[in-house]
Every structure is written in C-alpha cells, then in structure tokens.
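A.B. asks: Submitted below is the structure of interest, expressed as structure tokens.
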Amino acid sequence: MKILVVRFSSLGDVILTTGVIKYLKTAYPDLTVDVLTYTHFSGVFFKNPYINNVLQIDKKSGFRKYLNFIQKNINDYDHIFDLHSKLSSIILKFFTSAGYHKYKKDSLKRRLFVKYGKFAGSLQEHVIQRYFKTFQKVFDMDTPSDEDLRPVIYPNNLYENLSGTVTVHPFASKKTKEWPFFTELIDELVKRGEKVNIIGDTFFEYNHANVNNFSGKTDLQEMFDIIKQSRCLITTDSGPMHVGIAAETPVIAIFGPTTKEFGFYPVFNNCSVLEIDGLYCRPCHVHGSDRCPEKNFRCMKEISVGMVLEKFDLYKG
C-alpha cells in the first residue's frame, strides 16, 4: 500500500507528524509513506528512515502551478491523509481516486474556548493524538501514549563542539508569545559560567565571549543540529520548541497567551512548561497576538528569570 501524508506548515505542526508516521511505519513496515509539504519545511524529513519520498511545493507557487503539480504527482496513492485541512490540501480529494482522510482540526471549538471558555476538556487532547486518529480510520492500531508518538528528527551533527551548551530561542510567531526577559536570563546564565547559544530567524542583539549568537544566521538543518547538541533548550511556544522535543533535548517552554487546550503543549518526557495559572484573560487568542488585549502582559511579565533558572537547575546534570 502507498499513502501520502500532507502537512504544508508551520514548522511545529510539520515536525509533529513525524512521530505519528514512525509509529505507523513501525506497525506496517511494508507501507510506502510519502509526504507533501512546503519546500522550506522539507528539511524536517531529512534522513528520516520512515519516509520514502518527500514531495515539495514552493509556498509562493501560484494556484495554477499547484494544480499542475498535483496532476503530475498525486495520482498513484491508495490513501491520502490530510493533516492540514486547508483549501490547498482538501482539493486533493478531487484530483485522485485515493481514499481521502482529513484530521479533526477543531478550529471552531478553539475559538469558542477563547471567547466563552467552552470545550476545555475535549480540547486538551494533543494534536499528535488527533493526527493519529486520522490513520486509525484505515489502519488497525491501538491508541498509543503521547510518548509513543514523540516526533523525531535526524540532524547532521554539524556542531559537535556545542555539546553541553544551553540554547535559548527568544522569538515567537506573535509578540505576545515572546517572553520579555531573555536578555536578563542570558546575563544570569553567563554569570554562572554557562556557554549559551542564541537561535532564531531574526537577529537578537547580544555579545559575549561565552555566547554563540546564531540568531538570523542558520538554516533549518543547522538549527536542528544546534538544539540537538545542547543539554537544554529554553524557548517560547514556537517551532523550535517542537524541534527540541524531537531532538530529545530537555525543553523549558515559556507559555503566555496560549494554553494546553490548543493541543501543542510539550507533554513529553524531559519537558517543562512555565506559565501563570489562573489568569482570567488566558488564553486571549488562538495563535497569540501582537498586543496584549489587557495592556498589562501579566501572562509573561509575571514569569521571572528566577522561575526559569529554577526549572533549568533540574537539567544541570
């Protein structure tokens, strides 16, 4: 049997497919598994032994080019598993005779939870379990634990000299998901004699002999390698958080406007979450926003450097 798994973006969502695919391919080793994603996330599947082929499409490709791509490449699958559930993935079912299976995204439930506090219990199921249930429609498998579905990546080991360092990722897709005290945290880590790596898509200004400032300088695979070599990753609710999980690097994740009900919490071994429980205004947006609606930013400002260091001390071994 030959199947296609579709997830175009974003980084964390794409990474989270890998553990589910591993579990499936382990149960059905003769299965041919291809994936379809955006070109700039194809590196997520680098050297992955559970995937046969990676089909890539440039996000900037026009609709006509995308349709041509589908007609040329999506034509000999027995099943398509749509783990994105957006127009560009849903239309695949109209261009193939393959069985089409779409994962339950629960977008409306999430929005009603933010606005009215509804569906809190049912929304706590992790996205990896929702991904997995899509495959259960076809394959006879018992429901695994979250740890069984832990994502995987296969770095190049380009940065072996970074063994034992601490990596910090101070960015996020939205400003309210960025913790404002990363500079002070790095100051404290440096005072302790720690060697620190800073990563991120844009530049974070910090200069010190014990700091490797990789921000704005690395590609996806290099970022994977840096995190893999680190003994701890301190990050926001972001794509690199999921990289740390897949690399089996201990993760300290700082959560502000987002909560576990969105299904992306780091529920795996050696992962910790720092958040301010009980705030009436959390969560304020499904994806976070660029401004705090309450104008006080309590969800992040009340998380101190000391609280982060206390978590970090658990991973000093």
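Ligands are numbered from 1 in the order shown, chains are lettered A, B, ... in the order of the structure tokens, and residues start at 1 in each chain.
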Any chance you could tabulate, as a Markdown table, the residues of range 85-152 of chain A at most 12 Å from range 227-242 of chain A with each one's nearest atom pair and distance in Å to one decimal, using only C-alpha atoms, in chain and rising number order?

C.D. replies:
| residue | atom | partner | partner_atom | distance |
| --- | --- | --- | --- | --- |
| A:Ile128 | CA | A:His242 | CA | 11.7 |
| A:Arg150 | CA | A:His242 | CA | 9.7 |
| A:Pro151 | CA | A:His242 | CA | 7.9 |
| A:Val152 | CA | A:His242 | CA | 9.5 |

A.B. asks: For the alpha helix (DSSP H) assignment from backbone DSSP, which residues of range 125-218 of chain A qualify? Please present them as a list of chain:residue names.

C.D. replies: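 Matching residues for alpha helix (DSSP H) in range 125-218 of chain A are A:Val127, A:Ile128, A:Gln129, A:Arg130, A:Tyr131, A:Phe132, A:Lys133, A:Thr134, A:Phe135, A:Gln136, A:Phe182, A:Thr183, A:Glu184, A:Leu185, A:Ile186, A:Asp187, A:Glu188, A:Leu189, A:Val190, A:Lys191.
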
A.B. asks: May I have the selected residues written with N, CA and C atoms, as an mmCIF file, in the first residue's frame?

C.D. replies:
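selection.cif was written with the following content:
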data_model
loop_
_atom_site.group_PDB
_atom_site.id
_atom_site.type_symbol
_atom_site.label_atom_id
_atom_site.label_comp_id
_atom_site.auth_asym_id
_atom_site.auth_seq_id
_atom_site.Cartn_x
_atom_site.Cartn_y
_atom_site.Cartn_z
ATOM 1 N N VAL A 127 -2.370 17.398 19.692
ATOM 2 C CA VAL A 127 -2.507 17.331 18.239
ATOM 3 C C VAL A 127 -1.991 16.003 17.683
ATOM 4 N N ILE A 128 -0.945 15.450 18.272
ATOM 5 C CA ILE A 128 -0.419 14.177 17.768
ATOM 6 C C ILE A 128 -1.457 13.064 17.857
ATOM 7 N N GLN A 129 -2.306 13.103 18.883
ATOM 8 C CA GLN A 129 -3.357 12.099 19.002
ATOM 9 C C GLN A 129 -4.447 12.327 17.950
ATOM 10 N N ARG A 130 -4.720 13.586 17.638
ATOM 11 C CA ARG A 130 -5.701 13.873 16.592
ATOM 12 C C ARG A 130 -5.158 13.463 15.220
ATOM 13 N N TYR A 131 -3.865 13.709 15.009
ATOM 14 C CA TYR A 131 -3.231 13.211 13.786
ATOM 15 C C TYR A 131 -3.398 11.687 13.700
ATOM 16 N N PHE A 132 -3.086 11.021 14.814
ATOM 17 C CA PHE A 132 -3.093 9.561 14.827
ATOM 18 C C PHE A 132 -4.479 9.006 14.514
ATOM 19 N N LYS A 133 -5.517 9.614 15.051
ATOM 20 C CA LYS A 133 -6.875 9.135 14.820
ATOM 21 C C LYS A 133 -7.254 9.167 13.339
ATOM 22 N N THR A 134 -6.610 10.048 12.585
ATOM 23 C CA THR A 134 -6.851 10.094 11.142
ATOM 24 C C THR A 134 -6.409 8.788 10.489
ATOM 25 N N PHE A 135 -5.286 8.237 10.965
ATOM 26 C CA PHE A 135 -4.783 6.978 10.414
ATOM 27 C C PHE A 135 -5.579 5.774 10.927
ATOM 28 N N GLN A 136 -6.146 5.900 12.113
ATOM 29 C CA GLN A 136 -6.933 4.798 12.672
ATOM 30 C C GLN A 136 -8.194 4.508 11.855
ATOM 31 N N PHE A 182 14.507 37.664 28.172
ATOM 32 C CA PHE A 182 15.557 36.750 27.696
ATOM 33 C C PHE A 182 16.957 37.346 27.852
ATOM 34 N N THR A 183 17.099 38.635 27.659
ATOM 35 C CA THR A 183 18.428 39.262 27.838
ATOM 36 C C THR A 183 18.910 39.067 29.270
ATOM 37 N N GLU A 184 18.021 39.324 30.232
ATOM 38 C CA GLU A 184 18.382 39.154 31.642
ATOM 39 C C GLU A 184 18.686 37.692 31.961
ATOM 40 N N LEU A 185 17.950 36.774 31.332
ATOM 41 C CA LEU A 185 18.212 35.354 31.549
ATOM 42 C C LEU A 185 19.596 34.979 31.045
ATOM 43 N N ILE A 186 19.946 35.439 29.854
ATOM 44 C CA ILE A 186 21.266 35.133 29.300
ATOM 45 C C ILE A 186 22.351 35.727 30.195
ATOM 46 N N ASP A 187 22.121 36.938 30.715
ATOM 47 C CA ASP A 187 23.076 37.555 31.654
ATOM 48 C C ASP A 187 23.355 36.614 32.826
ATOM 49 N N GLU A 188 22.305 36.064 33.389
ATOM 50 C CA GLU A 188 22.449 35.189 34.555
ATOM 51 C C GLU A 188 23.131 33.879 34.187
ATOM 52 N N LEU A 189 22.794 33.325 33.043
ATOM 53 C CA LEU A 189 23.439 32.085 32.616
ATOM 54 C C LEU A 189 24.934 32.291 32.397
ATOM 55 N N VAL A 190 25.288 33.424 31.794
ATOM 56 C CA VAL A 190 26.699 33.739 31.562
ATOM 57 C C VAL A 190 27.429 33.923 32.888
ATOM 58 N N LYS A 191 26.804 34.578 33.849
ATOM 59 C CA LYS A 191 27.417 34.767 35.176
ATOM 60 C C LYS A 191 27.692 33.429 35.844
#

A.B. asks: My list of candidates is A:Thr249, A:Ser145, A:Ser304, A:Thr18. Which is closest to Asn48 in chain A when distances are computed with only C-alpha atoms?

C.D. replies: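 Checking each candidate against Asn48 in chain A, we get A:Thr18 as the closest.
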
A.B. asks: To one decimal in Å, tell me the separation between CA of Tyr50 in chain A and CA of Asp148 in chain A.

C.D. replies: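 So the two atoms, CA of Tyr50 in chain A and CA of Asp148 in chain A, lie 14.7 Å apart.
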
A.B. asks: Name all residues at most 10 Å from Glu275 in chain A (count only C-alpha atoms; drop same-chain ones fewer than 3 positions away) and give them as a list of chain:residue names.

C.D. replies: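 So, after excluding close chain neighbours, the residues are A:Ala253, A:Ile254, A:Phe255, A:Gly256, A:Pro257, A:Thr258, A:Thr259, A:Ser272, A:Gly278, A:Leu279, A:Cys299, A:Met300, A:Glu302, A:Ile303, A:Met307.
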
A.B. asks: What residues in range 47-242 of chain A get the DSSP label strand (DSSP E or B)? Please answer as a ChimeraX atom specification.

C.D. replies: /A:53-57,79-82,99-102,166-169,196-198,211-213,232-236

A.B. asks: Of the candidates A:Asn156, A:Arg111, A:Phe94, A:Ser88, which one gets nearest to Lys65 in chain A if we count only C-alpha atoms?

C.D. replies: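 Under the stated criterion, the closest residue is A:Ser88.
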
A.B. asks: Fewer than 6 positions away in the same chain doesn't count, so skip those; otherwise give me all residues within 10 Å of Asn270 in chain A, counting only C-alpha atoms, as a PyMOL selection string.

C.D. replies: chain A and resi 232+245+248-252+314-315

A.B. asks: For CA of Lys174 in chain A and CA of Leu11 in chain A, determine how far apart the two atoms are, in Å to one decimal place.

C.D. replies: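 Separating CA of Lys174 in chain A from CA of Leu11 in chain A is a distance of 14.4 Å.
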